[in-house]
Amino acid sequence: MSLRILLLCCLSTLWLPAQADTVWLNNGDRLSGEILLLDGGKLVLKTKYAGRVLIDWKDIETLSADKSFMLRRNGLDSEQSERLKPAGPGMVRLVNGREQVVAMAEINRLVPPRPVLKDRHWEGNLDAKLDMERNEDHTDEWRLKGDTRIEHGRWRHVLRGELERETENGEKSEDNWELEYDLDRFLTEHWFWRGGYEQHDDQFEEINSQRVLGTGPGYRFWDDELGRFDLVTQFNRVRLETSYDALEFDSWSLEWDYKRLLWGARVEFYTNAEVQVPQIAEVDYVLDGEMGLRYRVNDWARLSLLYELNQLRGLGSTISDRHYLIGIGVGW
């Protein structure tokens, strides 16, 4: 009989729904869901009935959460809280070995801590642009641009790619693609060593193929639910191929990768760029950079605005190529 009762208790425990985070508002309403983060005065609550909900922090009376957060208070360094408990109007109780009651007004950021060098993490974006012109000439242009990264243990894989096609009056006028793969090995929480390979092929340019093999140290300033910032320097071996000749040389490069979520994680600002200094007299530097915004329509759909700048300086002159792109995409 006791065994049957024990089995029934275990099964009933499995049937119980997972406890949700709870937010009490100043007007007496109570919302349940999953607290994602607090930033910019907005709390992001993911609900089953309305998706992501943005709540003004000043409208919240108190809240509770049974998961860990990195918490920042005015004038203090970040601290970790294992759980959050309600503690009366305008107050919340932080639990981290001990309990501490603090005023809600003192808290300006809540971010779930991302396990460092432990668990698998996968994210990425894929953006598409289609441009159709029907004037004197019929021009169709489409671009597909994406990036993804996978972290597991002390390893991180970063893959970027772009595909561009353009036809004018039925004749192909642009046909190029590029692919870059980087493998990072973290030595500490912030320092890592990178090895990477990049290839760019273009059928309609004088240099129809470019291959870059590089390696060097990098530093991760931060990487959490609100964004990331990486800085990498590399020594590279570059090979350029044309239809009549090939050229090989060494170069030094500096690369950065920055992303920041804004407006309650609805808007994403990002920029990444690479500056290469080739070890040849004819070229001073080569800059390949981009800066953009993505508006998160929902958990997966994005509207994107992108500015690209490609610049080459050498022999006393500068050549710049600029692009402005508007498109749609998906993110994960």
# chains A, B, ... in the order shown; residues from 1 in each chain; ligands from 1
call {"tool": "select_by_dssp", "arguments": {"residues": "range 91-250 of chain A", "states": "strand (DSSP E)", "output": "number ranges by chain"}}
result
A: 91-95, 99-103, 107-111, 121-134, 138-152, 155-168, 171-186, 191-202, 209-224, 227-241, 246-250
call {"tool": "residues_around", "arguments": {"residues": "Gly316 in chain A", "least_positions_apart": "3", "cutoff": "12 Å", "atoms": "only C-alpha atoms", "output": "number ranges by chain"}}
result
A: 281-285, 312-313, 319
call {"tool": "closest_residue", "arguments": {"among": "A:Gly214, A:Pro278, A:Gly314, A:Gly292", "to": "Ile326 in chain A", "atoms": "only C-alpha atoms"}}
result
A:Gly292
call {"tool": "residues_around", "arguments": {"residues": "Asp250 in chain A", "least_positions_apart": "4", "cutoff": "12 Å", "atoms": "only C-alpha atoms", "output": "compact mmCIF listing (two decimals) with C-alpha atoms, in the first residue's frame"}}
result
# COMPACT_ATOMS: atom_id res chain seq x y z
CA ARG A 211 41.34 33.09 -50.31
CA VAL A 212 42.47 34.05 -46.80
CA LEU A 213 43.86 31.72 -44.15
CA GLY A 214 44.55 33.30 -40.76
CA THR A 215 45.10 32.75 -37.07
CA GLN A 234 45.13 37.83 -36.89
CA PHE A 235 48.09 37.09 -39.11
CA ASN A 236 46.87 36.02 -42.55
CA ARG A 237 48.10 34.43 -45.75
CA VAL A 238 46.20 35.89 -48.72
CA ARG A 239 45.95 34.51 -52.25
CA LEU A 240 44.38 36.52 -55.10
CA GLN A 276 43.51 44.35 -43.19
CA VAL A 277 47.00 45.78 -43.68
CA PRO A 278 48.66 43.82 -46.50
CA GLN A 279 52.42 43.44 -46.51
CA ILE A 280 52.76 44.87 -50.01
CA ALA A 281 53.73 48.40 -51.04
CA VAL A 283 48.04 48.74 -50.70
call {"tool": "closest_atom_pairs", "arguments": {"of": "range 176-288 of chain A", "to": "range 163-167 of chain A", "cutoff": "7 Å", "atoms": "only C-alpha atoms", "output": "JSON lines"}}
result
{"residue": "A:Asn176", "atom": "CA", "partner": "A:Glu164", "partner_atom": "CA", "distance": 5.5}
{"residue": "A:Trp177", "atom": "CA", "partner": "A:Leu163", "partner_atom": "CA", "distance": 4.5}
{"residue": "A:Glu178", "atom": "CA", "partner": "A:Leu163", "partner_atom": "CA", "distance": 6.8}
call {"tool": "residues_around", "arguments": {"residues": "Asp223 in chain A", "least_positions_apart": "3", "cutoff": "12 Å", "atoms": "only C-alpha atoms", "output": "PDB file with C-alpha atoms, in the first residue's frame"}}
result
ATOM      1  CA  VAL A 111      19.779  39.366 -17.622  1.00  0.00           C
ATOM      2  CA  PRO A 112      19.799  35.552 -17.363  1.00  0.00           C
ATOM      3  CA  PRO A 113      23.441  34.466 -17.003  1.00  0.00           C
ATOM      4  CA  ARG A 114      24.687  32.515 -19.988  1.00  0.00           C
ATOM      5  CA  PRO A 115      26.706  29.481 -18.870  1.00  0.00           C
ATOM      6  CA  VAL A 116      30.323  30.153 -19.807  1.00  0.00           C
ATOM      7  CA  LEU A 117      32.241  27.348 -21.521  1.00  0.00           C
ATOM      8  CA  HIS A 121      24.438  27.638 -27.471  1.00  0.00           C
ATOM      9  CA  GLU A 151      29.299  27.283 -28.762  1.00  0.00           C
ATOM     10  CA  GLU A 189      36.445  33.204 -19.890  1.00  0.00           C
ATOM     11  CA  HIS A 190      37.493  36.099 -22.162  1.00  0.00           C
ATOM     12  CA  TYR A 219      39.183  38.831 -26.569  1.00  0.00           C
ATOM     13  CA  ARG A 220      35.500  38.575 -25.643  1.00  0.00           C
ATOM     14  CA  LEU A 226      21.638  41.643 -24.443  1.00  0.00           C
ATOM     15  CA  GLY A 227      24.501  41.283 -26.896  1.00  0.00           C
ATOM     16  CA  ARG A 228      28.202  40.659 -27.389  1.00  0.00           C
ATOM     17  CA  PHE A 229      31.486  42.344 -28.217  1.00  0.00           C
ATOM     18  CA  ASP A 230      34.526  40.492 -29.608  1.00  0.00           C
ATOM     19  CA  ASP A 257      31.902  41.961 -33.787  1.00  0.00           C
ATOM     20  CA  TYR A 258      29.346  43.965 -31.780  1.00  0.00           C
ATOM     21  CA  LYS A 259      25.640  43.343 -31.130  1.00  0.00           C
ATOM     22  CA  ARG A 260      23.230  45.043 -28.718  1.00  0.00           C
ATOM     23  CA  LEU A 261      19.526  44.525 -28.128  1.00  0.00           C
TER      24      LEU A 261
END
call {"tool": "residues_around", "arguments": {"residues": "range 46-53 of chain A", "least_positions_apart": "6", "cutoff": "7 Å", "atoms": "only C-alpha atoms", "output": "PDB file with C-alpha atoms, in the first residue's frame"}}
result
ATOM      1  CA  SER A  32       2.383  34.974 -15.566  1.00  0.00           C
ATOM      2  CA  GLY A  33       4.975  33.755 -18.029  1.00  0.00           C
ATOM      3  CA  GLU A  34       8.755  33.677 -18.410  1.00  0.00           C
ATOM      4  CA  ILE A  35      10.779  36.762 -17.522  1.00  0.00           C
ATOM      5  CA  LEU A  36      13.386  37.132 -20.268  1.00  0.00           C
TER       6      LEU A  36
END
call {"tool": "closest_atom_pairs", "arguments": {"of": "range 217-273 of chain A", "to": "range 55-74 of chain A", "cutoff": "12 Å", "atoms": "only C-alpha atoms", "output": "CSV"}}
result
residue,atom,partner,partner_atom,distance
A:Asp224,CA,A:Met70,CA,9.8
A:Glu225,CA,A:Met70,CA,10.4
A:Leu226,CA,A:Met70,CA,11.5
A:Trp263,CA,A:Asp56,CA,10.9
A:Gly264,CA,A:Ile55,CA,8.8
call {"tool": "write_last_selection", "arguments": {"atoms": "N, CA and C atoms", "output": "PDB file, in the first residue's frame"}}
result
ATOM      1  N   ASP A 224      26.093  38.039 -23.596  1.00  0.00           N
ATOM      2  CA  ASP A 224      24.943  37.676 -22.789  1.00  0.00           C
ATOM      3  C   ASP A 224      23.669  37.867 -23.600  1.00  0.00           C
ATOM      4  N   GLU A 225      22.522  37.837 -22.921  1.00  0.00           N
ATOM      5  CA  GLU A 225      21.248  37.945 -23.612  1.00  0.00           C
ATOM      6  C   GLU A 225      21.038  39.296 -24.278  1.00  0.00           C
ATOM      7  N   LEU A 226      21.790  40.313 -23.860  1.00  0.00           N
ATOM      8  CA  LEU A 226      21.638  41.643 -24.443  1.00  0.00           C
ATOM      9  C   LEU A 226      22.592  41.908 -25.596  1.00  0.00           C
ATOM     10  N   TRP A 263      15.399  48.598 -26.768  1.00  0.00           N
ATOM     11  CA  TRP A 263      13.953  48.735 -26.711  1.00  0.00           C
ATOM     12  C   TRP A 263      13.284  47.411 -26.295  1.00  0.00           C
ATOM     13  N   GLY A 264      13.718  46.899 -25.144  1.00  0.00           N
ATOM     14  CA  GLY A 264      13.128  45.657 -24.655  1.00  0.00           C
ATOM     15  C   GLY A 264      13.360  44.473 -25.554  1.00  0.00           C
TER      16      GLY A 264
END
call {"tool": "residues_around", "arguments": {"residues": "Asp127 in chain A", "least_positions_apart": "5", "cutoff": "6 Å", "atoms": "only C-alpha atoms", "output": "short mmCIF file (atom, residue, chain, number, x, y, z; two decimals) with C-alpha atoms, in the first residue's frame"}}
result
data_model
loop_
_atom_site.label_atom_id
_atom_site.label_comp_id
_atom_site.auth_asym_id
_atom_site.auth_seq_id
_atom_site.Cartn_x
_atom_site.Cartn_y
_atom_site.Cartn_z
CA LEU A 144 21.10 36.22 -49.33
CA LYS A 145 23.25 36.98 -46.30
CA ILE A 328 13.42 40.57 -44.41
CA GLY A 329 14.90 37.65 -42.56
#
call {"tool": "closest_residue", "arguments": {"among": "A:Lys85, A:Arg160, A:Arg194, A:Arg154", "to": "Leu179 in chain A", "atoms": "only C-alpha atoms"}}
result
A:Arg160
call {"tool": "atom_distance", "arguments": {"atom1": "CA of Glu290 in chain A", "atom2": "CA of Ala273 in chain A"}}
result
6.2 Å
